[in-house]
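For reference, the structure discussed in these notes is given below.
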Amino acid sequence: MNKIDKFYEVKNLFQCPLCGKKMRFHAGGLVCKKEHRFDISARGYVNFLRRDRALKGYDVSFFQSRSRFFAAGFYDHIAEAVSRQAAEAAPGGVVLDAGCGEGFYALRLFQKLQDTGAQLLAFDIAKDAIKQAAGHGEPVKWMVADLTDIPLKDGVVDCLLNIYTPANYDQFRRVLRKDGILIKVVPGKNHMIQLREAAGEAIRSGEYSNAEVLDYFCRNFTLLSQTSLSRTMPVDPEQLSDLLHMTPVLFDVDLEKTDFSGIREITVEGELLVGRA
């Protein structure tokens with residue numbers, strides 16, 4: 001199956017983000033009844049945005065740095081826990097990665113789902129991220145789309161992932177089936193603590209707390225389980241450089257005026273939340 005035809009098998013899941021009408025697969029694209037058309041790129045993704053929405057800091061170099069840092073294994077414990085949970089929640093079902101970035105978690109999950117008949121879709125608002133993700137070749141259905149208007153019909157998703165990225169719980173409830181599962185990971189108290197200590201007063205927030213994020217989750221979804229995931233690994237200068245250029249923790253920090261040279265290890269910590277609407 002080529003990179004365009006892979007969308008044929010999930011064509012009935014989509015709705016037009018412009019008018020809400022159902023869509024059909026036609027001549028290498030997705031078209032709704034009002035003839036709004038979204039072509040599928042030869043790279044294997046479909047862009048549902050009428051114009052690119054550049055996000056500060058989230059450019060090509062950001063996602064390249066993040067990809068290299070992920071490849072070094074710092075987030076493997078997060079990816080493994082998420083993949084295991086999703087595979088249990090939706091065997092053979094429809095899984096959506098909302099805010100997938102360059103596809104690290106979706107690609108890891110595909111390895112677990114490829115023999116189950118499950119359909120894996122993933123989207124991000126950053127076109128640069130999706131172009132990079134689509135270059136891997138696996139039959140994940142990649143999309144450039146807006147979190148505030150997910151281009152899927154109501155109640156078609158069995159399991160939705162939202163990993164270290166903003167949530168839109170109204171949209172999540174809309175696209176999830178009645179008994180669908182949401183898997184979300186939020187930063188733990190010690191996440192990137194070495195960077196925050198080095199940045200000191202320059203960082204946008206001092207001591208990190210995820211209490212408000214957890215409370216917001218519980219006000220929108222019934223919390224089924226919460227698991228703490230933490231790993232501290234040695235970091236070399238090249239890996240540290242990639243990290244400094246890919247973490248939103250430092251978006252408001254002048255890297256030239258802050259000394260990170262003493263950092264020898266990095267803690268990646270998250271709270272894995274599993275919920276049902």
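A note on labels: chains of the structure tokens are A, B, ... as shown, every chain counts residues from 1, and ligands are counted from 1 in their shown order.
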Near stretch 21-38 of chain A, counting only C-alpha atoms, which residues have an atom at most 12 Å away, once you skip same-chain residues fewer than 5 positions from it, shown as number ranges by chain?
A: 2-16, 44-50, 143-145, 151-154
Using only C-alpha atoms, find each residue in stretch 100-134 of chain A having at least one atom no more than 6 Å away from stretch 78-96 of chain A; report its shortest atom-to-atom pair and that distance in Å (one decimal), rows by chain then rising number, as a Markdown table.
| residue | atom | partner | partner_atom | distance |
| --- | --- | --- | --- | --- |
| A:Tyr105 | CA | A:Ala79 | CA | 5.7 |
| A:Leu109 | CA | A:Ser83 | CA | 4.8 |
| A:Thr116 | CA | A:Gly92 | CA | 5.0 |
| A:Gly117 | CA | A:Gly92 | CA | 4.8 |
| A:Ala118 | CA | A:Gly92 | CA | 3.9 |
| A:Gln119 | CA | A:Val94 | CA | 4.8 |
| A:Leu120 | CA | A:Val95 | CA | 4.9 |
| A:Leu121 | CA | A:Leu96 | CA | 4.8 |
| A:Ala122 | CA | A:Leu96 | CA | 5.5 |
Please identify which residues in stretch 22-212 of chain A DSSP calls strand (DSSP E) from the backbone, and express them as number ranges by chain.
A: 23-26, 29-32, 37-39, 45-47, 94-98, 119-124, 141-144, 157-163, 176-187
Judged by only C-alpha atoms, the minimum distance to A:Lys178 among A:Leu255, A:Ile163, A:Leu223, A:Val156 is found for A:Val156
Quick one: DSSP helix (DSSP H, G or I) residues in stretch 86-127 of chain A, as an MDAnalysis selection string?
chainID A and resid 86:89 104:113 127
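Ranking A:Phe104, A:Asp170, A:Thr222, A:Asp128 by their shortest atom-to-atom distance to A:Gly73, with only C-alpha atoms included, puts A:Phe104 first.
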Atomic distance atom CA of A:Ala133 - atom CA of A:Tyr58, expressed in Å with one decimal:
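That distance, rounded to one decimal, is 14.3 Å.
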Within 12 Å of stretch 235-243 of chain A, which residues of stretch 97-210 of chain A come that close, and what is the closest atom pair and distance in Å for each? Count only C-alpha atoms and give it as a Markdown table.
| residue | atom | partner | partner_atom | distance |
| --- | --- | --- | --- | --- |
| A:Met192 | CA | A:Leu243 | CA | 9.8 |
| A:Gln194 | CA | A:Leu240 | CA | 11.0 |
| A:Leu195 | CA | A:Leu243 | CA | 9.5 |
Once you have the residues from the selection above, write them out as a PDB file, in the first residue's frame, restricted to N, CA and C atoms.
ATOM      1  N   MET A 192      13.005  17.445  34.128  1.00  0.00           N
ATOM      2  CA  MET A 192      14.010  18.426  33.692  1.00  0.00           C
ATOM      3  C   MET A 192      14.479  19.305  34.850  1.00  0.00           C
ATOM      4  N   GLN A 194      17.180  19.456  36.418  1.00  0.00           N
ATOM      5  CA  GLN A 194      18.552  19.967  36.247  1.00  0.00           C
ATOM      6  C   GLN A 194      18.556  21.260  35.428  1.00  0.00           C
ATOM      7  N   LEU A 195      17.699  21.336  34.397  1.00  0.00           N
ATOM      8  CA  LEU A 195      17.614  22.559  33.600  1.00  0.00           C
ATOM      9  C   LEU A 195      17.002  23.695  34.401  1.00  0.00           C
TER      10      LEU A 195
END
Excluding A:Leu273 and residues on its chain fewer than 3 positions from it, collect all residues at most 10 Å away from it, counting only C-alpha atoms, and give them as a list in words.
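Near neighbours after the sequence-gap exclusion: Val82, Asn162, Ile163, Leu182, Ile183, Lys184, Val185, Val186, Leu214, Phe217, Cys218, Leu223, Leu224, Ser225, Gln226, Thr227, Ser228 and Gly270 of chain A.
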Can those selected residues be exported to a file as a PDB file, in the first residue's frame so that it contains N, CA and C atoms?
ATOM      1  N   VAL A  82       3.327   4.146  27.623  1.00  0.00           N
ATOM      2  CA  VAL A  82       2.198   4.634  26.825  1.00  0.00           C
ATOM      3  C   VAL A  82       1.770   3.572  25.814  1.00  0.00           C
ATOM      4  N   ASN A 162      -2.348  11.874  24.417  1.00  0.00           N
ATOM      5  CA  ASN A 162      -2.054  13.304  24.527  1.00  0.00           C
ATOM      6  C   ASN A 162      -0.837  13.422  25.443  1.00  0.00           C
ATOM      7  N   ILE A 163       0.348  13.388  24.843  1.00  0.00           N
ATOM      8  CA  ILE A 163       1.586  13.191  25.583  1.00  0.00           C
ATOM      9  C   ILE A 163       2.412  14.483  25.648  1.00  0.00           C
ATOM     10  N   LEU A 182      -8.728   7.832  27.313  1.00  0.00           N
ATOM     11  CA  LEU A 182      -7.752   8.893  27.116  1.00  0.00           C
ATOM     12  C   LEU A 182      -6.497   8.572  27.923  1.00  0.00           C
ATOM     13  N   ILE A 183      -5.343   8.609  27.239  1.00  0.00           N
ATOM     14  CA  ILE A 183      -4.056   8.419  27.899  1.00  0.00           C
ATOM     15  C   ILE A 183      -3.278   9.719  27.776  1.00  0.00           C
ATOM     16  N   LYS A 184      -3.010  10.342  28.904  1.00  0.00           N
ATOM     17  CA  LYS A 184      -2.307  11.628  28.902  1.00  0.00           C
ATOM     18  C   LYS A 184      -1.075  11.536  29.801  1.00  0.00           C
ATOM     19  N   VAL A 185       0.012  12.160  29.355  1.00  0.00           N
ATOM     20  CA  VAL A 185       1.207  12.263  30.190  1.00  0.00           C
ATOM     21  C   VAL A 185       1.497  13.737  30.435  1.00  0.00           C
ATOM     22  N   VAL A 186       1.649  14.088  31.711  1.00  0.00           N
ATOM     23  CA  VAL A 186       2.000  15.455  32.093  1.00  0.00           C
ATOM     24  C   VAL A 186       3.341  15.413  32.824  1.00  0.00           C
ATOM     25  N   LEU A 214      -3.511  18.287  36.737  1.00  0.00           N
ATOM     26  CA  LEU A 214      -4.169  17.072  37.200  1.00  0.00           C
ATOM     27  C   LEU A 214      -5.623  17.339  37.577  1.00  0.00           C
ATOM     28  N   PHE A 217      -7.710  17.699  34.433  1.00  0.00           N
ATOM     29  CA  PHE A 217      -7.968  16.379  33.852  1.00  0.00           C
ATOM     30  C   PHE A 217      -9.131  15.714  34.570  1.00  0.00           C
ATOM     31  N   CYS A 218      -9.092  15.725  35.894  1.00  0.00           N
ATOM     32  CA  CYS A 218     -10.106  15.029  36.691  1.00  0.00           C
ATOM     33  C   CYS A 218     -11.471  15.706  36.617  1.00  0.00           C
ATOM     34  N   LEU A 223     -10.739   9.618  36.285  1.00  0.00           N
ATOM     35  CA  LEU A 223      -9.381   9.083  36.372  1.00  0.00           C
ATOM     36  C   LEU A 223      -9.448   7.602  36.755  1.00  0.00           C
ATOM     37  N   LEU A 224      -8.963   6.743  35.863  1.00  0.00           N
ATOM     38  CA  LEU A 224      -8.946   5.305  36.106  1.00  0.00           C
ATOM     39  C   LEU A 224      -7.652   4.854  36.770  1.00  0.00           C
ATOM     40  N   SER A 225      -6.543   5.501  36.395  1.00  0.00           N
ATOM     41  CA  SER A 225      -5.257   5.145  36.999  1.00  0.00           C
ATOM     42  C   SER A 225      -4.268   6.280  36.803  1.00  0.00           C
ATOM     43  N   GLN A 226      -3.272   6.332  37.669  1.00  0.00           N
ATOM     44  CA  GLN A 226      -2.199   7.327  37.596  1.00  0.00           C
ATOM     45  C   GLN A 226      -0.893   6.625  37.957  1.00  0.00           C
ATOM     46  N   THR A 227       0.085   6.738  37.057  1.00  0.00           N
ATOM     47  CA  THR A 227       1.362   6.055  37.253  1.00  0.00           C
ATOM     48  C   THR A 227       2.502   7.043  37.113  1.00  0.00           C
ATOM     49  N   SER A 228       3.414   7.055  38.070  1.00  0.00           N
ATOM     50  CA  SER A 228       4.591   7.916  37.996  1.00  0.00           C
ATOM     51  C   SER A 228       5.702   7.191  37.236  1.00  0.00           C
ATOM     52  N   GLY A 270       7.298  11.803  34.239  1.00  0.00           N
ATOM     53  CA  GLY A 270       5.925  12.101  33.832  1.00  0.00           C
ATOM     54  C   GLY A 270       4.923  11.353  34.682  1.00  0.00           C
TER      55      GLY A 270
END
Determine, counting only C-alpha atoms, which protein, DNA and RNA residues have an atom within 9 Å of an atom of A:Leu107; residues of the same chain fewer than 6 positions away are not included. Present the result as a VMD selection string.
chain A and resid 133 136 138 140
